[in-house]
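What follows is the content of model.cif, which has mmCIF, C-alpha atoms:
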```cif
data_target
loop_
_atom_site.label_atom_id
_atom_site.label_comp_id
_atom_site.auth_asym_id
_atom_site.auth_seq_id
_atom_site.Cartn_x
_atom_site.Cartn_y
_atom_site.Cartn_z
CA MET A 10 0.00 0.00 0.00
CA PRO A 11 1.49 3.36 -0.92
CA ALA A 12 1.90 5.97 1.77
CA TRP A 13 -0.49 8.27 0.01
CA ALA A 14 -3.25 5.85 0.75
CA MET A 15 -2.67 6.42 4.41
CA LEU A 16 -3.65 10.02 4.02
CA SER A 17 -7.19 8.90 3.80
CA LEU A 18 -7.11 6.97 7.03
CA ALA A 19 -7.33 10.01 9.24
CA PRO A 20 -10.84 10.53 10.51
CA SER A 21 -10.83 14.22 11.16
CA LEU A 22 -13.44 16.44 12.65
CA ILE A 23 -14.92 19.07 10.43
CA SER A 24 -17.96 20.66 11.88
CA ALA A 25 -20.86 20.45 9.53
CA ASP A 26 -23.84 22.69 9.45
CA VAL A 27 -25.87 19.69 8.47
CA SER A 28 -26.45 18.66 11.96
CA GLU A 29 -29.21 21.16 12.10
CA SER A 30 -31.11 18.66 10.10
CA LEU A 31 -30.85 16.21 12.92
CA SER A 32 -31.02 18.68 15.73
CA LYS A 33 -34.71 19.24 15.51
CA ALA A 34 -36.19 16.44 17.48
CA MET A 35 -39.45 15.45 16.01
CA PRO A 36 -42.41 14.82 18.30
CA GLY A 37 -42.93 11.11 18.70
CA ASP A 38 -46.38 11.12 17.20
CA ALA A 39 -45.24 13.00 14.13
CA GLY A 40 -44.09 9.73 12.69
CA LYS A 41 -47.68 8.58 12.46
CA ASN A 42 -48.18 11.02 9.66
CA LYS A 43 -47.31 9.85 6.20
CA GLN A 44 -47.45 13.39 4.91
CA MET A 45 -47.25 16.89 6.32
CA GLN A 46 -48.11 20.17 4.69
CA VAL A 47 -45.83 23.16 4.41
CA THR A 48 -47.61 26.04 6.12
CA ALA A 49 -44.81 28.61 6.20
CA ILE A 50 -41.41 29.20 4.62
CA ARG A 51 -38.85 31.82 5.50
CA GLN A 52 -35.21 32.36 4.90
CA GLN A 53 -33.07 32.04 8.02
CA GLY A 54 -29.48 32.88 7.32
CA ASP A 55 -28.26 30.53 4.65
CA ARG A 56 -30.94 28.00 5.47
CA THR A 57 -34.64 27.76 4.89
CA ALA A 58 -37.04 27.45 7.81
CA LEU A 59 -40.11 25.31 7.20
CA THR A 60 -43.21 24.94 9.30
CA LEU A 61 -44.95 21.63 8.69
CA ARG A 62 -48.39 20.64 9.91
CA SER A 63 -50.15 17.30 9.88
CA LYS A 64 -53.38 16.91 7.98
CA ASP A 65 -55.37 16.75 11.20
CA GLY A 66 -53.65 19.87 12.47
CA VAL A 67 -52.51 18.14 15.65
CA THR A 68 -48.79 18.03 14.94
CA GLN A 69 -46.61 20.94 13.95
CA VAL A 70 -42.90 20.75 13.23
CA ASP A 71 -40.53 23.66 12.71
CA THR A 72 -37.29 22.75 11.04
CA LEU A 73 -34.41 24.14 9.01
CA VAL A 74 -33.45 22.67 5.69
CA SER A 75 -30.67 23.30 3.26
CA SER A 76 -31.69 26.20 1.04
CA ALA A 77 -30.08 24.42 -1.87
CA ALA A 78 -32.29 21.39 -1.26
CA ALA A 79 -35.37 23.56 -0.84
CA ARG A 80 -34.63 25.37 -4.09
CA ALA A 81 -33.86 22.19 -5.97
CA GLN A 82 -37.23 20.76 -5.01
CA ALA A 83 -39.05 24.08 -5.40
CA VAL A 84 -40.55 23.76 -1.94
CA GLN A 85 -43.44 26.14 -1.41
CA VAL A 86 -46.31 26.77 0.95
CA ASN A 87 -49.09 24.17 0.70
CA ASP A 88 -46.72 21.48 -0.60
CA MET A 89 -47.46 18.05 0.83
CA LEU A 90 -44.18 16.50 1.96
CA ASP A 91 -43.70 12.80 2.54
CA ILE A 92 -42.64 11.57 5.99
CA GLU A 93 -40.55 8.40 5.82
CA THR A 94 -39.88 6.57 9.06
CA ILE A 95 -36.28 5.45 9.61
CA GLY A 96 -36.60 2.49 11.92
CA GLN A 97 -36.99 3.62 15.49
CA THR A 98 -34.50 6.43 15.13
CA GLY A 99 -36.11 9.20 13.14
CA PHE A 100 -37.78 10.42 10.00
CA ALA A 101 -36.86 11.71 6.58
CA VAL A 102 -38.89 14.55 5.13
CA LYS A 103 -39.04 14.16 1.37
CA LYS A 104 -40.44 15.84 -1.67
CA ALA A 105 -40.70 13.90 -4.91
CA GLY A 106 -38.46 11.22 -3.45
CA ALA A 107 -35.68 13.65 -2.56
CA THR A 108 -34.69 14.00 1.07
CA LEU A 109 -35.02 17.56 2.36
CA VAL A 110 -34.16 17.01 6.00
CA VAL A 111 -33.72 14.24 8.54
CA LEU A 112 -35.24 14.49 12.00
CA ALA A 113 -34.24 12.42 14.99
CA ARG A 114 -36.53 11.03 17.64
CA PRO A 115 -35.50 12.71 20.86
CA ASP A 116 -35.40 9.58 22.99
CA THR A 117 -33.17 7.19 21.05
CA GLY A 118 -29.75 8.40 22.17
CA LEU A 119 -28.36 7.71 18.72
CA VAL A 120 -27.63 11.32 17.81
CA HIS A 121 -25.12 13.07 20.01
CA SER A 122 -21.47 13.97 20.01
CA LYS A 123 -19.09 15.35 22.56
CA ALA A 124 -15.35 15.56 22.81
CA ARG A 125 -13.77 14.64 26.10
CA THR A 126 -11.82 17.54 27.49
CA MET B 29 -8.12 18.98 0.62
CA ILE B 30 -7.38 15.30 0.88
CA LEU B 31 -8.83 14.72 4.29
CA ARG B 32 -12.45 15.59 4.00
CA ARG B 33 -14.76 14.28 6.61
CA LEU B 34 -18.03 15.46 7.83
CA LEU B 35 -19.39 15.15 11.26
CA LEU B 36 -22.92 15.90 12.14
CA ALA B 37 -22.21 16.15 15.74
CA ALA B 38 -20.71 19.55 16.20
CA VAL B 39 -23.76 21.65 15.70
CA LEU B 40 -25.85 19.08 17.49
CA ALA B 41 -23.63 19.60 20.44
CA SER B 42 -24.00 23.34 20.15
CA THR B 43 -27.75 23.09 20.30
CA ALA B 44 -27.40 21.23 23.54
CA GLY B 45 -25.17 23.94 24.90
CA THR B 46 -22.19 21.67 25.29
CA ALA B 47 -18.57 22.36 24.62
CA LEU B 48 -17.81 22.11 20.96
CA ALA B 49 -14.64 20.65 19.57
CA GLY B 50 -15.24 21.59 16.01
CA ARG B 51 -16.09 25.27 16.21
CA GLN B 52 -12.85 26.33 14.63
CA CYS B 53 -13.38 23.87 11.85
CA GLU B 54 -14.51 24.45 8.36
CA VAL B 55 -18.28 24.36 8.12
CA ARG B 56 -19.63 22.11 5.42
CA GLU B 57 -23.09 21.13 4.50
CA ILE B 58 -23.83 17.48 4.10
CA GLU B 59 -26.40 16.37 1.60
CA PRO B 60 -29.73 15.55 3.28
CA GLU B 61 -29.76 12.19 1.56
CA LYS B 62 -26.45 11.31 3.20
CA SER B 63 -27.92 12.27 6.56
CA ARG B 64 -30.76 9.87 5.85
CA LEU B 65 -28.37 7.04 5.00
CA SER B 66 -26.32 7.71 8.13
CA MET B 67 -29.42 7.52 10.25
CA GLN B 68 -30.54 4.38 8.51
CA LEU B 69 -27.22 2.62 9.11
CA GLY B 70 -27.23 3.85 12.70
CA ASP B 71 -30.69 2.39 13.13
CA VAL B 72 -29.76 -0.92 11.52
CA THR B 73 -26.73 -1.13 13.80
CA ARG B 74 -28.83 -0.33 16.86
CA ALA B 75 -31.22 -3.10 15.93
CA ALA B 76 -28.38 -5.59 15.44
CA LEU B 77 -26.78 -4.68 18.74
CA GLY B 78 -30.15 -5.07 20.39
CA THR B 79 -30.09 -8.78 19.63
CA ILE B 80 -26.95 -9.47 21.65
CA ASP B 81 -26.22 -9.02 25.32
CA ASP B 82 -22.70 -7.66 24.97
CA GLU B 83 -21.58 -4.62 26.92
CA VAL B 84 -18.86 -3.50 24.47
CA VAL B 85 -18.19 -4.39 20.84
CA LEU B 86 -15.62 -3.29 18.32
CA ILE B 87 -17.22 -1.30 15.53
CA ALA B 88 -15.75 -0.05 12.25
CA ARG B 89 -16.80 2.07 9.29
CA VAL B 90 -15.70 2.43 5.69
CA GLY B 91 -14.66 6.05 5.58
CA GLN B 92 -12.60 5.63 2.46
CA ASP B 93 -12.25 3.11 -0.32
CA LEU B 94 -9.16 1.17 0.66
CA GLU B 95 -10.02 -2.10 -1.05
CA LYS B 96 -7.39 -1.65 -3.70
CA TYR B 97 -4.88 -1.68 -0.87
CA GLY B 98 -6.35 -4.83 0.61
CA LEU B 99 -8.09 -3.02 3.45
CA THR B 100 -11.81 -2.92 4.13
CA TYR B 101 -12.44 -0.53 7.01
CA SER B 102 -10.70 2.76 7.64
CA HIS B 103 -11.68 3.59 11.21
CA MET B 104 -12.83 1.85 14.35
CA GLY B 105 -13.97 2.46 17.89
CA PHE B 106 -15.87 0.82 20.72
CA ALA B 107 -19.66 0.76 20.94
CA VAL B 108 -20.73 0.75 24.58
CA ARG B 109 -24.12 -0.41 25.81
CA GLU B 110 -25.98 1.85 28.23
CA HIS B 111 -23.48 4.61 27.74
CA PRO B 112 -24.44 7.59 29.93
CA ALA B 113 -24.76 9.76 26.82
CA GLY B 114 -27.35 7.49 25.34
CA ALA B 115 -28.19 3.94 24.25
CA TRP B 116 -25.29 2.33 22.42
CA SER B 117 -22.71 5.05 21.97
CA VAL B 118 -19.33 4.91 20.29
CA VAL B 119 -16.14 5.94 22.05
CA HIS B 120 -13.42 6.69 19.54
CA LYS B 121 -10.54 8.96 18.70
CA LEU B 122 -10.95 11.71 16.14
CA ASN B 123 -8.51 14.07 14.65
CA ARG B 124 -9.56 17.68 15.10
CA CYS B 125 -10.28 19.32 11.81
CA GLY B 126 -7.20 18.21 9.97
CA SER B 127 -4.87 19.45 12.69
CA THR B 128 -2.18 17.51 14.51
CA GLU B 129 -4.39 17.22 17.58
CA SER B 130 -6.96 14.59 18.43
CA ALA B 131 -9.49 13.94 21.15
CA LEU B 132 -11.63 11.11 22.41
CA TYR B 133 -15.28 11.45 21.46
CA ASP B 134 -18.48 9.96 22.73
CA GLU B 135 -20.93 9.80 19.84
CA GLY B 136 -24.23 8.31 18.90
CA LEU B 137 -24.36 5.59 16.28
CA VAL B 138 -25.85 7.97 13.74
CA ASN B 139 -22.99 10.40 14.24
CA PHE B 140 -20.44 7.60 13.91
CA PHE B 141 -21.72 6.86 10.42
CA ALA B 142 -22.24 10.50 9.44
CA ASP B 143 -18.67 10.97 8.37
CA ALA B 144 -19.46 10.96 4.65
CA PRO B 145 -18.42 7.33 4.36
CA HIS B 146 -17.34 5.74 1.14
CA ARG B 147 -19.81 2.94 1.75
CA TYR B 148 -22.61 2.57 4.27
CA GLN B 149 -21.27 -0.52 5.96
CA ALA B 150 -20.52 -1.41 9.56
CA GLY B 151 -18.28 -4.14 10.91
CA ILE B 152 -18.92 -5.46 14.40
CA TRP B 153 -16.73 -7.86 16.38
CA ARG B 154 -17.81 -9.44 19.64
CA LEU B 155 -15.13 -9.60 22.30
CA ALA B 156 -14.65 -12.07 25.13
CA PRO B 157 -16.80 -11.21 28.17
CA ALA B 158 -13.86 -10.56 30.49
CA ALA B 159 -12.35 -8.11 28.01
CA GLN B 160 -15.71 -6.40 27.64
CA ARG B 161 -15.95 -5.84 31.37
CA ARG B 162 -12.50 -4.31 31.56
CA LEU B 163 -13.14 -2.18 28.53
CA LYS B 164 -16.45 -0.84 29.70
CA THR B 165 -15.00 0.37 32.98
CA ALA B 166 -12.00 1.85 31.21
CA LEU B 167 -13.96 3.49 28.41
CA LEU B 168 -16.41 5.16 30.74
CA GLY B 169 -13.67 6.13 33.17
CA GLU B 170 -10.32 7.80 33.14
CA GLU B 171 -8.30 4.89 31.78
CA ALA B 172 -9.43 5.68 28.26
CA ARG B 173 -7.35 8.84 28.52
CA THR B 174 -4.33 6.97 29.84
CA PHE B 175 -3.97 5.32 26.45
CA HIS B 176 -4.69 8.44 24.42
CA GLN B 177 -1.93 10.49 22.87
CA PRO B 178 -3.43 13.74 21.59
CA HIS B 179 -0.56 14.37 19.18
CA TYR B 180 -2.08 12.88 16.06
CA ASN B 181 -0.06 11.26 13.34
CA VAL B 182 -1.83 9.27 10.66
CA VAL B 183 1.26 7.11 10.15
CA ALA B 184 2.18 6.80 13.82
CA TYR B 185 4.55 3.91 14.48
CA PRO B 186 2.70 1.45 16.73
CA PHE B 187 5.65 0.87 19.05
CA ASP B 188 6.47 4.46 19.93
CA THR B 189 4.48 6.73 22.22
CA ARG B 190 5.15 10.12 20.62
CA TYR B 191 2.15 9.98 18.33
CA GLN B 192 -0.94 7.91 17.76
CA ASN B 193 -3.55 7.45 15.07
CA SER B 194 -7.19 6.64 15.73
CA ASN B 195 -6.90 2.91 15.37
CA GLY B 196 -3.75 2.94 17.51
CA TRP B 197 -5.78 4.09 20.48
CA VAL B 198 -8.22 1.21 19.97
CA LEU B 199 -5.34 -1.26 19.74
CA GLU B 200 -3.78 -0.05 22.97
CA MET B 201 -7.14 -0.20 24.75
CA LEU B 202 -7.43 -3.80 23.59
CA ALA B 203 -3.97 -4.54 24.97
CA PHE B 204 -5.09 -3.15 28.31
CA ALA B 205 -8.22 -5.30 28.21
CA TYR B 206 -6.51 -8.57 27.31
CA ALA B 207 -3.32 -8.24 29.31
CA GLY B 208 -3.30 -9.54 32.84
CA GLU B 209 -3.99 -7.22 35.73
CA GLY B 210 -1.19 -4.65 35.92
CA GLU B 211 0.56 -5.93 32.78
CA ALA B 212 -0.41 -3.03 30.53
CA PRO B 213 -1.29 -0.09 32.75
CA ASP B 214 -0.01 2.60 30.38
CA ARG B 215 0.98 3.19 26.77
CA PRO B 216 4.60 1.96 26.94
CA ALA B 217 3.52 -1.22 28.71
CA ALA B 218 0.63 -1.76 26.31
CA GLN B 219 2.92 -1.39 23.31
CA ALA B 220 5.46 -3.77 24.81
CA TRP B 221 2.67 -6.25 25.51
CA LEU B 222 1.42 -5.95 21.94
CA LYS B 223 4.87 -6.62 20.58
CA ALA B 224 5.26 -9.62 22.87
CA HIS B 225 1.91 -10.91 21.74
CA ALA B 226 2.68 -10.78 18.06
CA TYR B 227 0.73 -7.74 16.91
CA VAL B 228 1.80 -7.09 13.31
CA PRO B 229 1.08 -3.64 11.88
CA THR B 230 0.17 -2.97 8.28
CA GLN B 231 3.27 -2.15 6.27
CA VAL B 232 3.33 0.70 3.80
CA GLU B 233 6.04 1.04 1.20
CA ALA B 234 7.14 4.64 0.79
CA ASN B 235 10.27 6.01 -0.80
CA ILE B 236 11.90 9.19 0.40
CA LEU B 237 10.18 11.40 -2.16
CA THR B 238 6.80 10.04 -1.19
CA ARG B 239 7.57 10.60 2.47
CA PHE B 240 8.74 14.11 1.83
CA GLY B 241 5.71 14.88 -0.29
CA ALA B 242 3.29 13.49 2.24
CA ARG B 243 4.89 15.43 5.07
CA PHE B 244 4.92 18.57 2.99
CA VAL B 245 1.22 18.54 2.17
CA ASN B 246 -0.08 17.28 5.46
CA ALA B 247 1.06 18.15 8.96
CA GLN B 248 -0.59 14.98 10.23
CA ILE B 249 2.10 12.87 8.64
CA VAL B 250 5.30 12.59 10.61
CA PHE B 251 7.93 9.92 10.25
CA ASP B 252 10.33 10.77 13.06
CA ASP B 253 8.95 8.07 15.35
CA LEU B 254 9.87 5.36 12.90
CA PRO B 255 13.00 3.29 13.68
CA PRO B 256 15.83 4.45 11.39
CA ALA B 257 16.22 1.04 9.78
CA LEU B 258 12.59 0.98 8.70
CA LEU B 259 12.80 4.58 7.55
CA ARG B 260 15.84 3.87 5.41
CA ALA B 261 14.09 0.86 3.91
CA GLY B 262 11.02 2.95 3.16
CA GLN B 263 8.85 0.68 5.25
CA ILE B 264 6.18 2.54 7.18
CA GLN B 265 4.36 0.49 9.79
CA VAL B 266 0.97 1.69 10.94
CA VAL B 267 -2.10 0.50 12.87
CA THR B 268 -5.08 -0.25 10.63
CA VAL B 269 -8.45 -1.84 11.34
CA ASP B 270 -7.44 -4.90 9.37
CA SER B 271 -4.22 -5.37 11.31
CA VAL B 272 -6.08 -5.07 14.61
CA ILE B 273 -8.67 -7.65 13.58
CA ALA B 274 -6.04 -10.02 12.20
CA TRP B 275 -4.22 -9.83 15.51
CA LEU B 276 -7.41 -10.38 17.50
CA CYS B 277 -8.12 -13.48 15.43
CA SER B 278 -4.69 -14.80 16.37
CA LEU B 279 -5.26 -14.44 20.10
CA PRO B 280 -6.78 -17.45 21.80
CA ASP B 281 -10.24 -16.75 23.23
CA ALA B 282 -10.13 -13.04 22.40
CA CYS B 283 -13.61 -13.09 20.95
CA GLN B 284 -16.89 -14.79 21.66
CA ALA B 285 -16.37 -17.28 18.83
CA PRO B 286 -13.24 -18.83 17.32
CA GLY B 287 -11.83 -16.81 14.46
CA CYS B 288 -13.43 -13.62 15.74
CA PRO B 289 -16.14 -13.51 13.07
CA GLU B 290 -17.35 -10.19 11.78
CA THR B 291 -20.98 -9.16 11.80
CA ARG B 292 -21.31 -7.04 8.69
CA LEU B 293 -24.16 -4.60 8.25
CA THR B 294 -24.79 -2.86 4.97
CA LEU B 295 -27.55 -0.83 3.45
CA PRO B 296 -29.07 -2.21 0.27
CA PRO B 297 -28.05 -0.11 -2.74
CA SER B 298 -31.60 1.03 -3.31
CA THR B 299 -32.15 2.46 0.17
#
```
Mind converting the file's structure to structure tokens?
Amino acid sequence: MPAWAMLSLAPSLISADVSESLSKAMPGDAGKNKQMQVTAIRQQGDRTALTLRSKDGVTQVDTLVSSAAARAQAVQVNDMLDIETIGQTGFAVKKAGATLVVLARPDTGLVHSKART
Amino acid sequence: MILRRLLLAAVLASTAGTALAGRQCEVREIEPEKSRLSMQLGDVTRAALGTIDDEVVLIARVGQDLEKYGLTYSHMGFAVREHPAGAWSVVHKLNRCGSTESALYDEGLVNFFADAPHRYQAGIWRLAPAAQRRLKTALLGEEARTFHQPHYNVVAYPFDTRYQNSNGWVLEMLAFAYAGEGEAPDRPAAQAWLKAHAYVPTQVEANILTRFGARFVNAQIVFDDLPPALLRAGQIQVVTVDSVIAWLCSLPDACQAPGCPETRLTLPPST
């Protein structure tokens, strides 16, 4: 194996703004909804804030998505977005099969990170 | 930039108001679809671990495509059941943002696989119960630090304490776990024990120009811990996941089953 290959063995830490997509814990019962409707959109910094509401109006989720993803899928108010359950861990919010954001259940303990000091 | 890794965790940590290791790091945006795949593999792994009663397992990911070099996994750590931070959590060593420093991290399974892997695949190895018990106490306590050298070197020589790469920390923790009481209480003793128990590192052939070039472009690559004879011969010896597993397989009763079989978890291509 050439030494250059070893360059790729270093798992380094680069903070990623993506985690916002997992930082919004979704209410447990939100997963019962197969779809949610976009009720509000606003720009928040370089991201796009979405407010989603279930058809029965019981569940509301506020989340941030990549503006690039929102633009690519032309997300707009009144869109019906698909909610795909990911095992017992969380949900993917999709439009036309494309993932917009991933939300973690708050009680799984599978999404966290901390350096020891 | 050659070393490009993404970690979901940093901003997650910030939302929880915790100290953040990666604040000084470059901020990148991961594709939402990759976040979904990371969560899916984390969930699959959680489900698999839920079927066994182990306290600690070895867990590895495919951060980079190393198959052409005969290697499968690029990085490994320990998954710990009932970790105080949540469920099964991974304790592993990460380099900080491409610098020469590293730290030990406690991360959720989703975060462990959120490092923009080459392939969404996990390797799990089940260790002997006695080793698990020693590891769990050490990993959740201060002994994990005893075996950590924060000066990161991707090509750290396994039998020198000046530097350490991520898999080197795992290897030394394993030495602590398998050695008799008091036989490997610190890094020098663990390395001596590993040498005495036939650990064989992966060997990398590198001529002087390659070494110079690597050092020039990346501060994480340092060769001054290598014995002069190996350096002159252009033979770099380094800890890899494959070398750790091969060594484990050679130890009698190191795992729960002979040959230390791997449990491999992958996501179907269509997921």
Which residue, B:Gly151, B:Pro213, B:Gly136, B:Gly126, has the smallest gap to B:Ile249 when you use all atoms listed in the file?
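Between B:Gly151, B:Pro213, B:Gly136, B:Gly126, the residue approaching B:Ile249 most closely is B:Gly126.
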So what does the PyMOL selection byres ((chain B and resi 154) around 7) actually pick up in this one, as a PyMOL selection string?
chain B and resi 85-86+152-153+155-156+283-284
Write a file of the just-selected residues containing C-alpha atoms, as a PDB file, in the coordinates of the input.
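As written to disk, out_36.pdb reads:
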```pdb
ATOM      1  CA  VAL B  85     -18.190  -4.390  20.840  1.00  0.00           C
ATOM      2  CA  LEU B  86     -15.620  -3.290  18.320  1.00  0.00           C
ATOM      3  CA  ILE B 152     -18.920  -5.460  14.400  1.00  0.00           C
ATOM      4  CA  TRP B 153     -16.730  -7.860  16.380  1.00  0.00           C
ATOM      5  CA  LEU B 155     -15.130  -9.600  22.300  1.00  0.00           C
ATOM      6  CA  ALA B 156     -14.650 -12.070  25.130  1.00  0.00           C
ATOM      7  CA  CYS B 283     -13.610 -13.090  20.950  1.00  0.00           C
ATOM      8  CA  GLN B 284     -16.890 -14.790  21.660  1.00  0.00           C
TER       9      GLN B 284
END
```
Please evaluate the PyMOL selection byres ((chain A and resi 125) around 8) against the structure above and give the resulting residues as a PyMOL selection string.
(chain A and resi 123-124+126) or (chain B and resi 131-134)
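Going from atom CA of B:Ala274 to atom CA of B:Asn139 covers 26.6 Å.
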Find the distance between atom CA of B:Gly105 and atom CA of B:His120 and write it in Å to one decimal.
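A separation of 4.6 Å between them.
Ranking A:Gln82, A:Thr68, A:Asn42, A:Gln97 by their shortest atom-to-atom distance to chain B, with all atoms listed in the file included, puts A:Gln97 first.
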Which of these residues is nearest to B:Ser278, using only C-alpha atoms: B:Ala184, B:Val228, B:Leu259, B:Val250?
B:Val228
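Separating atom CA of B:Ser271 from atom CA of B:Pro229 is a distance of 5.6 Å.
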Of A:Ala105, A:Ala79, A:Ile95, A:Met45, the one nearest to chain B when counting only C-alpha atoms is A:Ile95
Could you check the closest approach to A:Thr72 for each of A:Ile50, A:Ala107, A:Leu119, A:Met89 and tell me which residue wins, using only C-alpha atoms?
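Of A:Ile50, A:Ala107, A:Leu119, A:Met89, the one nearest A:Thr72, counting only C-alpha atoms, is A:Ile50.
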Which of B:Ala285, B:Val138, B:Ala205, B:Ala247 sits closest to chain A [using all atoms listed in the file]:
B:Val138
Apply the PyMOL selection byres ((chain A and resi 44) around 8) to the displayed file and report the matching residues as a list in words.
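Taken over the shown coordinates, the PyMOL selection byres ((chain A and resi 44) around 8) returns Asn42, Lys43, Met45, Gln46, Ser63, Lys64, Met89, Leu90, Asp91 and Ile92 of chain A.
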Give me, as an MDAnalysis selection string, all polymer residues having an atom no more than 9 Å from A:Ser76, counting all atoms listed in the file and skipping those fewer than 6 positions away in the same chain.
chainID A and resid 52 55:58
Exercise: B:Pro145 partners within 7 Å, only C-alpha atoms, chain neighbours under 6 positions left out, as a ChimeraX atom specification
/B:90-92
Give, as lines of an AutoDock Vina configuration file, the centre coordinates and the x, y and z edge lengths in Å to one decimal for an axis-aligned box around all listed atoms of stretch 98-112 of chain A, padded by 4 Å on each side.
```
center_x = -37.2
center_y = 12.0
center_z = 5.1
size_x = 15.0
size_y = 19.1
size_z = 28.0
```
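Residues lying within 12 Å of B:Ala226, counting all atoms listed in the file and ignoring same-chain neighbours fewer than 4 positions away, are Ala203, Gln219, Ala220, Trp221, Leu222, Ser271, Val272, Ala274, Trp275, Leu276, Cys277, Ser278 and Leu279 of chain B.
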Would you output stretch 92-105 of chain B from that structure, restricted to N, CA and C atoms, as a PDB file, in the first residue's frame?
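Just written: decode-v2.pdb:
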```pdb
ATOM      1  N   GLN B  92     -13.230   5.454   3.764  1.00  0.00           N
ATOM      2  CA  GLN B  92     -12.595   5.630   2.457  1.00  0.00           C
ATOM      3  C   GLN B  92     -12.520   4.285   1.746  1.00  0.00           C
ATOM      4  N   ASP B  93     -12.398   4.334   0.457  1.00  0.00           N
ATOM      5  CA  ASP B  93     -12.250   3.111  -0.325  1.00  0.00           C
ATOM      6  C   ASP B  93     -10.789   2.674  -0.278  1.00  0.00           C
ATOM      7  N   LEU B  94     -10.527   1.670   0.525  1.00  0.00           N
ATOM      8  CA  LEU B  94      -9.159   1.171   0.660  1.00  0.00           C
ATOM      9  C   LEU B  94      -9.018  -0.248   0.124  1.00  0.00           C
ATOM     10  N   GLU B  95     -10.028  -0.703  -0.587  1.00  0.00           N
ATOM     11  CA  GLU B  95     -10.019  -2.096  -1.051  1.00  0.00           C
ATOM     12  C   GLU B  95      -8.845  -2.377  -1.973  1.00  0.00           C
ATOM     13  N   LYS B  96      -8.497  -1.403  -2.780  1.00  0.00           N
ATOM     14  CA  LYS B  96      -7.390  -1.655  -3.704  1.00  0.00           C
ATOM     15  C   LYS B  96      -6.069  -1.834  -2.964  1.00  0.00           C
ATOM     16  N   TYR B  97      -6.069  -1.466  -1.685  1.00  0.00           N
ATOM     17  CA  TYR B  97      -4.881  -1.684  -0.869  1.00  0.00           C
ATOM     18  C   TYR B  97      -5.048  -2.898   0.046  1.00  0.00           C
ATOM     19  N   GLY B  98      -6.121  -3.632  -0.186  1.00  0.00           N
ATOM     20  CA  GLY B  98      -6.348  -4.830   0.613  1.00  0.00           C
ATOM     21  C   GLY B  98      -6.964  -4.561   1.964  1.00  0.00           C
ATOM     22  N   LEU B  99      -7.479  -3.363   2.162  1.00  0.00           N
ATOM     23  CA  LEU B  99      -8.088  -3.015   3.446  1.00  0.00           C
ATOM     24  C   LEU B  99      -9.577  -2.753   3.254  1.00  0.00           C
ATOM     25  N   THR B 100     -10.363  -3.111   4.241  1.00  0.00           N
ATOM     26  CA  THR B 100     -11.808  -2.916   4.132  1.00  0.00           C
ATOM     27  C   THR B 100     -12.257  -1.665   4.878  1.00  0.00           C
ATOM     28  N   TYR B 101     -11.950  -1.632   6.164  1.00  0.00           N
ATOM     29  CA  TYR B 101     -12.435  -0.525   7.005  1.00  0.00           C
ATOM     30  C   TYR B 101     -11.313   0.487   7.241  1.00  0.00           C
ATOM     31  N   SER B 102     -11.711   1.728   7.426  1.00  0.00           N
ATOM     32  CA  SER B 102     -10.702   2.764   7.637  1.00  0.00           C
ATOM     33  C   SER B 102     -10.604   3.224   9.087  1.00  0.00           C
ATOM     34  N   HIS B 103     -11.651   2.984   9.864  1.00  0.00           N
ATOM     35  CA  HIS B 103     -11.679   3.593  11.205  1.00  0.00           C
ATOM     36  C   HIS B 103     -12.510   2.743  12.142  1.00  0.00           C
ATOM     37  N   MET B 104     -12.068   2.654  13.394  1.00  0.00           N
ATOM     38  CA  MET B 104     -12.832   1.854  14.347  1.00  0.00           C
ATOM     39  C   MET B 104     -12.879   2.489  15.729  1.00  0.00           C
ATOM     40  N   GLY B 105     -13.824   2.007  16.514  1.00  0.00           N
ATOM     41  CA  GLY B 105     -13.967   2.458  17.894  1.00  0.00           C
ATOM     42  C   GLY B 105     -14.680   1.384  18.687  1.00  0.00           C
TER      43      GLY B 105
END
```
